[in-house]
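K.L.:
Next up, work.cif (mmCIF, C-alpha atoms).
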data_query
#
loop_
_atom_site.label_atom_id
_atom_site.label_comp_id
_atom_site.auth_asym_id
_atom_site.auth_seq_id
_atom_site.Cartn_x
_atom_site.Cartn_y
_atom_site.Cartn_z
CA MET A 1 -146.43 -159.05 -61.37
CA SER A 2 -150.09 -159.19 -60.42
CA LYS A 3 -150.90 -159.04 -64.15
CA LEU A 4 -148.92 -162.21 -64.70
CA PHE A 5 -150.58 -163.80 -61.68
CA ASN A 6 -154.01 -163.00 -63.08
CA LEU A 7 -153.07 -164.47 -66.46
CA ILE A 8 -151.96 -167.75 -64.85
CA LYS A 9 -155.11 -167.77 -62.73
CA GLY A 10 -157.24 -167.39 -65.87
CA TYR A 11 -155.55 -170.32 -67.59
CA TRP A 12 -155.83 -172.43 -64.47
CA GLY A 13 -159.56 -171.68 -64.42
CA THR A 14 -159.94 -172.88 -68.00
CA LEU A 15 -157.92 -176.01 -67.33
CA SER A 16 -159.61 -176.98 -64.10
CA ARG A 17 -163.21 -176.64 -65.35
CA PRO A 18 -164.90 -179.52 -67.18
CA ALA A 19 -165.18 -179.12 -70.97
CA VAL A 20 -168.43 -177.52 -72.08
CA HIS A 21 -168.62 -178.53 -75.76
CA LEU A 22 -166.33 -181.58 -76.10
CA SER A 23 -167.37 -185.01 -74.94
CA LEU A 24 -165.39 -187.02 -72.39
CA GLY A 25 -164.94 -189.74 -75.00
CA PHE A 26 -163.44 -187.32 -77.53
CA LEU A 27 -161.12 -185.88 -74.93
CA SER A 28 -159.92 -189.19 -73.54
CA ILE A 29 -159.67 -191.19 -76.78
CA GLY A 30 -158.50 -188.14 -78.75
CA GLY A 31 -155.92 -187.44 -76.07
CA PHE A 32 -154.73 -191.03 -76.25
CA VAL A 33 -154.45 -190.98 -80.05
CA ALA A 34 -152.73 -187.61 -80.04
CA GLY A 35 -150.36 -188.96 -77.39
CA VAL A 36 -149.50 -191.96 -79.53
CA ILE A 37 -148.88 -189.74 -82.55
CA PHE A 38 -146.78 -187.18 -80.74
CA TRP A 39 -144.81 -189.65 -78.65
CA GLY A 40 -144.37 -192.02 -81.56
CA GLY A 41 -143.30 -189.19 -83.81
CA PHE A 42 -140.87 -187.88 -81.23
CA ASN A 43 -139.35 -191.28 -80.70
CA THR A 44 -139.11 -192.02 -84.41
CA ALA A 45 -137.37 -188.71 -85.00
CA LEU A 46 -135.09 -189.39 -82.06
CA GLU A 47 -134.19 -192.83 -83.36
CA PHE A 48 -133.59 -191.41 -86.82
CA THR A 49 -130.96 -189.09 -85.38
CA ASN A 50 -129.46 -192.15 -83.74
CA THR A 51 -128.36 -193.84 -86.94
CA GLU A 52 -125.02 -193.85 -88.68
CA LYS A 53 -126.76 -192.71 -91.84
CA PHE A 54 -127.82 -189.56 -90.06
CA CYS A 55 -124.36 -188.95 -88.56
CA ILE A 56 -122.55 -189.20 -91.87
CA SER A 57 -125.09 -187.06 -93.67
CA CYS A 58 -122.86 -184.19 -92.55
CA HIS A 59 -119.51 -184.04 -94.32
CA GLU A 60 -117.69 -183.24 -91.08
CA MET A 61 -118.46 -186.74 -89.85
CA ARG A 62 -118.38 -188.50 -93.21
CA ASP A 63 -114.99 -187.22 -94.35
CA ASN A 64 -113.11 -187.28 -91.07
CA VAL A 65 -114.08 -189.65 -88.31
CA TYR A 66 -116.13 -192.08 -90.40
CA GLN A 67 -113.25 -192.69 -92.81
CA GLU A 68 -111.02 -193.54 -89.87
CA LEU A 69 -113.56 -195.90 -88.38
CA ARG A 70 -113.68 -197.84 -91.65
CA THR A 71 -110.15 -199.12 -91.18
CA THR A 72 -110.64 -200.42 -87.67
CA VAL A 73 -111.84 -203.65 -86.14
CA HIS A 74 -115.06 -201.96 -85.09
CA PHE A 75 -116.02 -201.67 -88.76
CA THR A 76 -114.83 -204.93 -90.32
CA ASN A 77 -113.89 -208.06 -88.45
CA GLN A 78 -114.16 -211.87 -88.43
CA SER A 79 -117.67 -212.13 -87.06
CA GLY A 80 -119.26 -209.30 -88.99
CA VAL A 81 -120.68 -207.65 -85.89
CA ARG A 82 -119.93 -203.98 -86.13
CA ALA A 83 -120.41 -200.83 -84.15
CA THR A 84 -122.08 -197.80 -85.66
CA CYS A 85 -121.50 -194.23 -84.44
CA PRO A 86 -124.31 -194.10 -81.85
CA ASP A 87 -123.34 -197.46 -80.36
CA CYS A 88 -120.31 -195.81 -78.82
CA HIS A 89 -121.20 -192.13 -78.79
CA VAL A 90 -124.78 -192.11 -77.50
CA PRO A 91 -125.81 -193.70 -74.19
CA HIS A 92 -128.38 -196.46 -74.61
CA ASP A 93 -130.44 -195.66 -71.50
CA TRP A 94 -133.31 -193.32 -72.24
CA THR A 95 -132.56 -190.59 -69.68
CA ASP A 96 -128.86 -190.48 -70.49
CA LYS A 97 -129.69 -190.58 -74.17
CA ILE A 98 -131.97 -187.53 -73.90
CA ALA A 99 -129.32 -185.72 -71.89
CA ARG A 100 -126.72 -186.46 -74.55
CA LYS A 101 -129.12 -185.41 -77.30
CA MET A 102 -129.64 -182.07 -75.58
CA GLN A 103 -125.89 -181.61 -75.39
CA ALA A 104 -125.69 -182.49 -79.05
CA SER A 105 -127.80 -179.48 -79.92
CA LYS A 106 -124.51 -177.62 -79.64
CA GLU A 107 -123.24 -179.77 -82.49
CA VAL A 108 -126.14 -178.54 -84.61
CA TRP A 109 -124.93 -175.02 -83.89
CA GLY A 110 -121.44 -176.12 -84.90
CA THR A 111 -122.72 -177.53 -88.17
CA ILE A 112 -124.71 -174.42 -89.03
CA PHE A 113 -121.83 -172.06 -88.32
CA GLY A 114 -119.15 -174.35 -89.73
CA THR A 115 -117.03 -174.82 -86.60
CA ILE A 116 -115.17 -177.76 -88.16
CA ASN A 117 -116.27 -177.48 -91.78
CA THR A 118 -112.74 -177.87 -93.17
CA ARG A 119 -110.12 -180.53 -92.54
CA ASP A 120 -107.79 -177.97 -90.99
CA LYS A 121 -110.41 -176.66 -88.61
CA PHE A 122 -111.23 -180.22 -87.63
CA LEU A 123 -107.61 -181.12 -86.96
CA GLU A 124 -107.17 -177.99 -84.90
CA LYS A 125 -110.16 -178.87 -82.73
CA ARG A 126 -109.49 -182.57 -82.66
CA LEU A 127 -107.76 -182.75 -79.29
CA GLU A 128 -110.55 -180.81 -77.60
CA LEU A 129 -113.24 -182.98 -79.18
CA ALA A 130 -111.37 -186.15 -78.27
CA LYS A 131 -110.97 -184.95 -74.70
CA HIS A 132 -114.73 -184.51 -74.43
CA GLU A 133 -115.25 -188.14 -75.39
CA TRP A 134 -112.46 -189.43 -73.15
CA SER A 135 -113.84 -187.60 -70.15
CA ARG A 136 -117.37 -188.77 -70.92
CA LEU A 137 -116.28 -192.41 -71.12
CA LYS A 138 -114.03 -192.03 -68.12
CA SER A 139 -116.83 -190.62 -65.98
CA ASN A 140 -119.37 -193.28 -66.94
CA ASP A 141 -116.83 -196.11 -66.53
CA SER A 142 -116.71 -196.75 -70.28
CA LEU A 143 -120.40 -197.60 -70.33
CA GLU A 144 -120.65 -197.63 -74.12
CA CYS A 145 -117.75 -200.08 -74.40
CA ARG A 146 -119.34 -202.29 -71.79
CA ASN A 147 -122.63 -202.42 -73.66
CA CYS A 148 -120.88 -205.06 -75.76
CA HIS A 149 -117.63 -205.90 -73.95
CA SER A 150 -118.38 -207.19 -70.48
CA SER A 151 -115.46 -208.02 -68.23
CA GLU A 152 -117.56 -210.80 -66.67
CA SER A 153 -117.93 -212.48 -70.05
CA MET A 154 -114.29 -212.12 -71.04
CA ASP A 155 -112.53 -215.47 -71.21
CA PHE A 156 -108.99 -214.56 -70.24
CA SER A 157 -107.75 -218.00 -71.21
CA LEU A 158 -108.69 -217.23 -74.81
CA GLN A 159 -107.00 -213.85 -74.78
CA SER A 160 -103.36 -213.43 -75.59
CA PRO A 161 -101.24 -213.68 -72.44
CA ARG A 162 -100.40 -210.01 -72.76
CA ALA A 163 -104.04 -208.91 -72.96
CA ALA A 164 -105.15 -211.32 -70.22
CA GLU A 165 -102.48 -210.00 -67.87
CA ALA A 166 -103.43 -206.38 -68.48
CA HIS A 167 -107.15 -207.05 -68.06
CA LYS A 168 -106.64 -209.09 -64.89
CA THR A 169 -104.41 -206.46 -63.36
CA PHE A 170 -106.22 -203.28 -64.29
CA LEU A 171 -109.75 -203.95 -65.56
CA VAL A 172 -111.05 -206.53 -63.10
CA THR A 173 -109.59 -204.73 -60.11
CA GLY A 174 -111.27 -201.52 -61.27
CA GLN A 175 -107.97 -199.62 -61.32
CA LYS A 176 -108.59 -198.56 -64.87
CA THR A 177 -111.49 -198.38 -67.24
CA CYS A 178 -111.48 -199.30 -70.93
CA ILE A 179 -110.79 -195.82 -72.26
CA ASP A 180 -107.69 -195.39 -70.09
CA CYS A 181 -105.76 -197.81 -72.30
CA HIS A 182 -107.87 -198.02 -75.45
CA LYS A 183 -107.92 -194.40 -76.58
CA GLY A 184 -108.13 -194.10 -80.33
CA ILE A 185 -109.50 -197.64 -80.67
CA ALA A 186 -111.84 -196.59 -83.47
CA HIS A 187 -110.37 -193.29 -84.66
CA GLU A 188 -107.00 -191.69 -85.18
CA LEU A 189 -105.54 -189.91 -82.23
CA PRO A 190 -104.82 -186.18 -82.02
CA ASN A 191 -101.43 -184.96 -80.86
CA MET A 192 -101.03 -186.90 -77.63
CA ALA A 193 -98.27 -184.79 -76.10
CA GLY A 194 -99.27 -184.16 -72.52
CA VAL A 195 -102.10 -186.69 -72.42
CA GLU A 196 -101.86 -189.01 -69.44
CA GLY A 197 -100.19 -192.29 -70.33
CA TRP A 198 -98.79 -190.96 -73.58
CA ASN A 199 -95.97 -188.68 -72.55
CA MET B 1 -51.28 -209.70 -138.15
CA LYS B 2 -52.64 -206.22 -138.66
CA PRO B 3 -53.87 -204.55 -135.50
CA GLN B 4 -57.24 -203.92 -137.15
CA LYS B 5 -57.72 -207.64 -137.83
CA VAL B 6 -56.80 -208.50 -134.24
CA PHE B 7 -59.45 -206.14 -132.99
CA THR B 8 -62.10 -207.64 -135.26
CA LEU B 9 -61.24 -211.17 -134.11
CA LEU B 10 -61.31 -210.11 -130.49
CA ALA B 11 -64.68 -208.47 -130.90
CA ALA B 12 -66.08 -211.57 -132.57
CA ALA B 13 -64.76 -213.79 -129.79
CA MET B 14 -66.33 -211.56 -127.15
CA LEU B 15 -69.67 -211.66 -128.93
CA VAL B 16 -69.67 -215.47 -129.05
CA ALA B 17 -68.65 -215.70 -125.39
CA GLY B 18 -71.30 -213.19 -124.46
CA ALA B 19 -74.00 -215.09 -126.26
CA LEU B 20 -73.04 -218.28 -124.43
CA THR B 21 -72.87 -216.88 -120.93
CA SER B 22 -74.99 -213.75 -120.82
CA PRO B 23 -77.85 -214.01 -118.36
CA LEU B 24 -79.67 -211.42 -120.43
CA THR B 25 -80.20 -213.91 -123.23
CA ALA B 26 -83.93 -214.51 -123.50
CA PRO B 27 -84.79 -218.17 -122.93
CA ASN B 28 -87.12 -219.99 -125.25
CA ALA B 29 -90.73 -220.14 -124.19
CA GLN B 30 -90.40 -223.88 -123.46
CA ASP B 31 -87.55 -223.25 -121.04
CA VAL B 32 -89.65 -221.18 -118.67
CA GLY B 33 -90.32 -223.57 -115.83
CA PRO B 34 -91.80 -223.01 -112.39
CA SER B 35 -88.29 -222.67 -111.00
CA ILE B 36 -87.83 -219.24 -112.51
CA ALA B 37 -91.43 -218.09 -112.34
CA THR B 38 -91.90 -214.56 -111.09
CA LEU B 39 -94.02 -213.55 -108.13
CA ARG B 40 -97.00 -213.73 -110.48
CA GLY B 41 -96.49 -217.48 -110.70
CA ALA B 42 -97.97 -219.17 -113.73
CA ALA B 43 -100.93 -216.81 -113.97
CA PRO B 44 -101.55 -215.57 -117.51
CA LEU B 45 -101.04 -211.86 -118.14
CA ASP B 46 -104.75 -211.10 -118.44
CA ARG B 47 -105.59 -212.65 -115.06
CA THR B 48 -104.83 -211.52 -111.59
CA ASN B 49 -103.49 -213.94 -109.03
CA SER B 50 -105.38 -214.42 -105.83
CA ALA B 51 -103.36 -213.00 -102.99
CA PRO B 52 -101.95 -215.42 -100.43
CA ARG B 53 -103.73 -215.47 -97.09
CA ILE B 54 -102.45 -213.01 -94.56
CA PRO B 55 -100.53 -215.08 -92.03
CA GLN B 56 -101.40 -214.92 -88.35
CA THR B 57 -99.06 -212.73 -86.38
CA GLU B 58 -97.52 -214.27 -83.29
CA GLU B 59 -99.15 -212.99 -80.16
CA THR B 60 -97.29 -213.72 -76.94
CA ASP B 61 -95.58 -211.81 -74.18
CA ARG B 62 -92.33 -213.79 -74.46
CA ARG B 63 -89.20 -212.09 -75.66
CA ARG B 64 -87.37 -213.81 -78.47
CA ALA B 65 -83.60 -214.33 -78.53
CA ARG B 66 -81.68 -212.21 -80.99
CA ASN B 67 -79.92 -213.98 -83.84
CA TYR B 68 -76.97 -211.62 -83.64
CA PRO B 69 -76.00 -208.98 -81.10
CA GLU B 70 -77.14 -205.96 -83.08
CA GLN B 71 -80.41 -207.40 -84.28
CA PRO B 72 -83.34 -205.15 -83.40
CA PRO B 73 -85.47 -207.36 -81.13
CA THR B 74 -88.55 -208.65 -82.92
CA ILE B 75 -92.02 -207.78 -81.67
CA PRO B 76 -93.64 -210.89 -80.16
CA HIS B 77 -97.18 -209.49 -80.29
CA LYS B 78 -99.71 -208.00 -82.69
CA ILE B 79 -99.47 -204.32 -83.49
CA ASP B 80 -102.54 -204.10 -85.70
CA GLY B 81 -104.09 -200.67 -85.53
CA TYR B 82 -101.31 -199.20 -83.40
CA GLN B 83 -100.94 -195.54 -84.15
CA LEU B 84 -97.38 -194.51 -84.85
CA ASP B 85 -97.14 -191.04 -86.31
CA LYS B 86 -96.27 -187.52 -85.27
CA ASN B 87 -99.37 -187.36 -83.12
CA GLY B 88 -98.74 -190.37 -81.00
CA ASN B 89 -96.63 -193.47 -80.52
CA GLN B 90 -98.67 -196.29 -79.13
CA CYS B 91 -95.61 -198.49 -78.65
CA LEU B 92 -94.23 -195.98 -76.19
CA SER B 93 -97.44 -196.03 -74.18
CA CYS B 94 -96.06 -199.31 -72.77
CA HIS B 95 -92.35 -199.35 -73.65
CA ALA B 96 -91.41 -195.79 -72.65
CA ARG B 97 -89.15 -195.39 -69.64
CA THR B 98 -91.94 -193.88 -67.57
CA ARG B 99 -94.46 -196.56 -68.53
CA VAL B 100 -92.63 -199.86 -68.05
CA ALA B 101 -93.18 -200.07 -64.29
CA GLU B 102 -96.92 -200.22 -64.86
CA SER B 103 -97.00 -202.15 -68.12
CA GLY B 104 -94.27 -204.69 -67.39
CA ALA B 105 -93.02 -204.29 -70.95
CA PRO B 106 -89.28 -204.09 -71.70
CA MET B 107 -87.96 -200.53 -71.79
CA ILE B 108 -86.60 -199.24 -75.06
CA SER B 109 -82.81 -199.42 -75.15
CA VAL B 110 -80.73 -196.52 -73.89
CA THR B 111 -79.24 -196.19 -77.35
CA HIS B 112 -82.64 -194.85 -78.39
CA PHE B 113 -82.06 -191.75 -76.31
CA MET B 114 -78.84 -190.90 -78.15
CA ASP B 115 -78.52 -188.73 -81.18
CA ARG B 116 -76.16 -189.76 -83.94
CA ASP B 117 -73.19 -188.17 -82.17
CA GLY B 118 -73.76 -190.35 -79.14
CA GLN B 119 -75.10 -187.44 -77.14
CA ALA B 120 -77.75 -188.60 -74.66
CA LEU B 121 -81.08 -186.80 -74.89
CA ALA B 122 -83.85 -186.56 -72.32
CA ALA B 123 -86.43 -188.25 -74.54
CA VAL B 124 -86.47 -190.71 -77.40
CA SER B 125 -84.28 -189.49 -80.21
CA PRO B 126 -86.32 -188.47 -83.25
CA ARG B 127 -84.35 -190.85 -85.43
CA ARG B 128 -85.48 -193.74 -83.21
CA TYR B 129 -89.11 -192.66 -82.94
CA PHE B 130 -90.58 -194.83 -85.67
CA CYS B 131 -90.24 -198.22 -83.99
CA ASN B 132 -91.29 -200.39 -86.89
CA GLN B 133 -88.55 -199.10 -89.12
CA CYS B 134 -86.41 -201.72 -87.36
CA HIS B 135 -88.67 -203.77 -85.10
CA VAL B 136 -91.10 -206.10 -86.81
CA VAL B 137 -93.78 -208.59 -85.85
CA GLN B 138 -93.28 -212.28 -86.59
CA ALA B 139 -95.43 -214.80 -88.39
CA ARG B 140 -94.85 -218.50 -89.02
CA THR B 141 -94.54 -218.70 -92.79
CA PRO B 142 -92.48 -220.94 -95.07
CA ASP B 143 -89.14 -219.38 -96.02
CA ALA B 144 -89.40 -217.45 -99.27
CA VAL B 145 -85.75 -218.22 -100.01
CA PRO B 146 -83.43 -220.75 -98.39
CA ASN B 147 -81.52 -219.31 -95.45
CA THR B 148 -78.27 -220.79 -94.22
CA PHE B 149 -77.57 -218.22 -91.54
CA VAL B 150 -75.64 -219.61 -88.58
CA ASP B 151 -75.21 -217.49 -85.51
CA ILE B 152 -71.75 -216.82 -84.18
CA ASP B 153 -72.00 -219.11 -81.16
CA SER B 154 -72.93 -222.11 -83.28
CA LEU B 155 -70.12 -221.22 -85.66
CA LEU B 156 -67.57 -221.02 -82.86
CA ALA B 157 -68.79 -224.29 -81.40
CA VAL B 158 -68.16 -226.02 -84.73
CA GLU B 159 -64.71 -224.53 -85.14
CA HIS B 160 -63.62 -225.56 -81.67
CA LYS B 161 -64.55 -229.18 -82.21
CA PRO B 162 -61.39 -231.22 -82.56
CA GLY B 163 -61.00 -232.51 -86.10
CA ALA B 164 -63.37 -230.03 -87.60
CA ASN B 165 -61.98 -227.98 -90.49
#
Take the structure in the file and give it back as structure tokens.
P.N.:
Amino acid sequence: MSKLFNLIKGYWGTLSRPAVHLSLGFLSIGGFVAGVIFWGGFNTALEFTNTEKFCISCHEMRDNVYQELRTTVHFTNQSGVRATCPDCHVPHDWTDKIARKMQASKEVWGTIFGTINTRDKFLEKRLELAKHEWSRLKSNDSLECRNCHSSESMDFSLQSPRAAEAHKTFLVTGQKTCIDCHKGIAHELPNMAGVEGWN
Amino acid sequence: MKPQKVFTLLAAAMLVAGALTSPLTAPNAQDVGPSIATLRGAAPLDRTNSAPRIPQTEETDRRRARNYPEQPPTIPHKIDGYQLDKNGNQCLSCHARTRVAESGAPMISVTHFMDRDGQALAAVSPRRYFCNQCHVVQARTPDAVPNTFVDIDSLLAVEHKPGAN
């Protein structure tokens, strides 16, 4: 224990003393440049993993969930505005995004060891995977939906009477959040037996 | 007359009659008018027709009257993207018995809980599970063929009119 303490003390001594050979200018400007490079590189890499191209570079995503997305209104629609994978599946705020990215390291594990590398394995795990997303969206009040769909900006008079009624009754009052009714809006649903609202 | 001759005459007569009345007789090229054009219309064989625009589906929450008592009620709203397979039935997420109180949608008929022997089941009968086998959405499109259907009430009203035949 005291050995470890001495080691830390030694490093602290090195860190707390002024540099002997390097100039202040080199250290401050060099530190700044290195910071830009490292931070920029980190952020670029992070943003690269936040693209649809990256998501569907694995066949698990490309052959299953991406194919399903292609048939929905979130892929093609009148206005040509579309959602890509990270728009709905990765939080946009930096802290939440980093937290989600750390969670996603488990998905890297899954890819390497082929947790869902066949269609059958995927279908078997589908309910569990879907439940993860439902509970995530439920607990953050469907934040990723609301990045684009704001209830304040919804014009109920332009919605169909059926939709307007449902949104007035359940969404505005906060009784329900988007995912409660709109499960499977962009993908096919797993076996829904026993899922709330579907029995 | 010999029976053989009678047969020959008969056969000849049938052939002539057939040629005059048979719908299978190919018409001359000039006779092909727009009235008997196929679904392809007048498009030449080496071209493909442009598809007609997809009509807008009606989107309301109003129930429509049935044209006859056993007509499956039509769906007055869009069902685009509704999942209806062995994994889930999105129609039932509003129209199921347990869901109508919250959704305000009409409950599926009690006949849908019966099997083909009339035995009531606890849940929707499998043979009634696929809603859009019978229930369909509606769109305002011109009639593809003329339709002279008259519902029974209108028919009875006409018959009861004095002087009507």
K.L.:
Listing only residues of chain B within 7 Å of chain A, what is the closest atom pair and its distance in Å (to one decimal) for each, using all atoms listed in the file, sorted by chain and residue number ascending, as a Markdown table?
P.N.:
| residue | atom | partner | partner_atom | distance |
| --- | --- | --- | --- | --- |
| B:Glu59 | CA | A:Ser160 | CA | 6.2 |
| B:Thr60 | CA | A:Pro161 | CA | 6.0 |
| B:Asp61 | CA | A:Arg162 | CA | 5.3 |
| B:Gly81 | CA | A:Thr72 | CA | 6.9 |
| B:Asn87 | CA | A:Asn191 | CA | 3.9 |
| B:Gly88 | CA | A:Met192 | CA | 5.4 |
| B:Ser93 | CA | A:Trp198 | CA | 5.3 |
K.L.:
On this structure, the PyMOL selection byres ((chain A and resi 147) around 10) would catch which residues? List them as a compact mmCIF listing (two decimals) with C-alpha atoms, in the coordinates of the input, sorted by chain and number.
P.N.:
# COMPACT_ATOMS: atom_id res chain seq x y z
CA ASP A 87 -123.34 -197.46 -80.36
CA CYS A 88 -120.31 -195.81 -78.82
CA PRO A 91 -125.81 -193.70 -74.19
CA HIS A 92 -128.38 -196.46 -74.61
CA SER A 142 -116.71 -196.75 -70.28
CA LEU A 143 -120.40 -197.60 -70.33
CA GLU A 144 -120.65 -197.63 -74.12
CA CYS A 145 -117.75 -200.08 -74.40
CA ARG A 146 -119.34 -202.29 -71.79
CA CYS A 148 -120.88 -205.06 -75.76
CA HIS A 149 -117.63 -205.90 -73.95
CA SER A 150 -118.38 -207.19 -70.48
K.L.:
From the set A:Val172, A:Leu129, A:Ala164, A:Met102, which residue has the shortest atom-to-atom contact distance to Ser151 in chain A, counting all atoms listed in the file?
P.N.:
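The closest residue to Ser151 in chain A is A:Val172.
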K.L.:
So how many Å separate CA of Thr84 in chain A and CA of Thr51 in chain A, to one decimal?
P.N.:
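Here the two named atoms are 7.5 Å from each other.
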K.L.:
Please determine, counting all atoms listed in the file, which residue among B:Ala51, B:Cys131, B:Met114, B:Cys94 has the shortest atom-to-atom distance to Pro73 in chain B.
P.N.:
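Closest candidate: B:Cys131.
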K.L.:
CA of Pro69 in chain B and CA of Asp151 in chain B, how far apart in Å?
P.N.:
9.6 Å
K.L.:
Report, in Å with one decimal, the straight-line distance from CA of Gln90 in chain B to CA of Tyr129 in chain B.
P.N.:
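Distance reported for this atom pair: 10.9 Å.
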K.L.:
Carefully work through the PyMOL selection byres ((chain A and resi 59) around 12) for this structure and note down the residues it includes, as an mmCIF file with C-alpha atoms, in the frame of the given file.
P.N.:
data_model
loop_
_atom_site.group_PDB
_atom_site.id
_atom_site.type_symbol
_atom_site.label_atom_id
_atom_site.label_comp_id
_atom_site.auth_asym_id
_atom_site.auth_seq_id
_atom_site.Cartn_x
_atom_site.Cartn_y
_atom_site.Cartn_z
ATOM 1 C CA LYS A 53 -126.760 -192.710 -91.840
ATOM 2 C CA PHE A 54 -127.820 -189.560 -90.060
ATOM 3 C CA CYS A 55 -124.360 -188.950 -88.560
ATOM 4 C CA ILE A 56 -122.550 -189.200 -91.870
ATOM 5 C CA SER A 57 -125.090 -187.060 -93.670
ATOM 6 C CA CYS A 58 -122.860 -184.190 -92.550
ATOM 7 C CA GLU A 60 -117.690 -183.240 -91.080
ATOM 8 C CA MET A 61 -118.460 -186.740 -89.850
ATOM 9 C CA ARG A 62 -118.380 -188.500 -93.210
ATOM 10 C CA ASP A 63 -114.990 -187.220 -94.350
ATOM 11 C CA ASN A 64 -113.110 -187.280 -91.070
ATOM 12 C CA VAL A 65 -114.080 -189.650 -88.310
ATOM 13 C CA TYR A 66 -116.130 -192.080 -90.400
ATOM 14 C CA GLN A 67 -113.250 -192.690 -92.810
ATOM 15 C CA THR A 111 -122.720 -177.530 -88.170
ATOM 16 C CA GLY A 114 -119.150 -174.350 -89.730
ATOM 17 C CA ILE A 116 -115.170 -177.760 -88.160
ATOM 18 C CA ASN A 117 -116.270 -177.480 -91.780
ATOM 19 C CA THR A 118 -112.740 -177.870 -93.170
ATOM 20 C CA ARG A 119 -110.120 -180.530 -92.540
ATOM 21 C CA PHE A 122 -111.230 -180.220 -87.630
#
K.L.:
How big is the axis-aligned box around all listed atoms of range 67-80 of chain B once 6 Å goes on each side, and where's its centre, in Å to one decimal, as JSON?
P.N.:
{"center_x": -89.3, "center_y": -209.0, "center_z": -82.9, "size_x": 38.5, "size_y": 21.9, "size_z": 17.5}
K.L.:
From the list B:Ala122, B:Thr148, B:His135, B:Phe113, which residue is nearest Arg66 in chain B when using only C-alpha atoms?
P.N.:
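Among the listed residues, the smallest separation from Arg66 in chain B belongs to B:His135.
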K.L.:
Using only C-alpha atoms, which of B:Ser109, B:Pro52, B:Ala139, B:Asn132 sits nearest Tyr82 in chain B?
P.N.:
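Under the stated criterion, the closest residue is B:Asn132.
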K.L.:
Would you mind telling me which residue in A:Thr49, A:Ser139, A:Asn43, A:Thr115 lies nearest to Ile179 in chain A when using all atoms listed in the file?
P.N.:
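For Ile179 in chain A, the nearest of the given residues is A:Ser139.
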K.L.:
Name the residues within 12 Å of (-84.3, -209.2, -82.8), counting only C-alpha atoms in the file's coordinates, and put them as a ChimeraX atom specification.
P.N.:
/B:63-76,132,134-138
K.L.:
N, CA and C atoms for range 130-141 of chain B, written as a short mmCIF file (atom, residue, chain, number, x, y, z; two decimals), keeping the file's coordinate frame, could you do that?
P.N.:
data_model
loop_
_atom_site.label_atom_id
_atom_site.label_comp_id
_atom_site.auth_asym_id
_atom_site.auth_seq_id
_atom_site.Cartn_x
_atom_site.Cartn_y
_atom_site.Cartn_z
N PHE B 130 -89.70 -193.95 -84.91
CA PHE B 130 -90.58 -194.83 -85.67
C PHE B 130 -90.14 -196.28 -85.50
N CYS B 131 -90.68 -196.91 -84.45
CA CYS B 131 -90.24 -198.22 -83.99
C CYS B 131 -90.18 -199.26 -85.11
N ASN B 132 -91.23 -199.28 -85.94
CA ASN B 132 -91.29 -200.39 -86.89
C ASN B 132 -90.46 -200.16 -88.16
N GLN B 133 -89.59 -199.16 -88.10
CA GLN B 133 -88.55 -199.10 -89.12
C GLN B 133 -87.56 -200.25 -88.92
N CYS B 134 -87.36 -200.64 -87.66
CA CYS B 134 -86.41 -201.72 -87.36
C CYS B 134 -87.08 -202.92 -86.70
N HIS B 135 -88.04 -202.67 -85.84
CA HIS B 135 -88.67 -203.77 -85.10
C HIS B 135 -89.90 -204.24 -85.84
N VAL B 136 -89.99 -205.56 -86.02
CA VAL B 136 -91.10 -206.10 -86.81
C VAL B 136 -91.78 -207.24 -86.08
N VAL B 137 -93.05 -207.45 -86.41
CA VAL B 137 -93.78 -208.59 -85.85
C VAL B 137 -93.32 -209.86 -86.56
N GLN B 138 -93.70 -211.00 -86.02
CA GLN B 138 -93.28 -212.28 -86.59
C GLN B 138 -94.50 -213.13 -86.92
N ALA B 139 -94.37 -213.86 -88.02
CA ALA B 139 -95.43 -214.80 -88.39
C ALA B 139 -94.76 -216.10 -88.84
N ARG B 140 -95.42 -217.23 -88.58
CA ARG B 140 -94.85 -218.50 -89.02
C ARG B 140 -95.23 -218.73 -90.47
N THR B 141 -94.29 -218.49 -91.36
CA THR B 141 -94.54 -218.70 -92.79
C THR B 141 -93.37 -219.50 -93.36
#
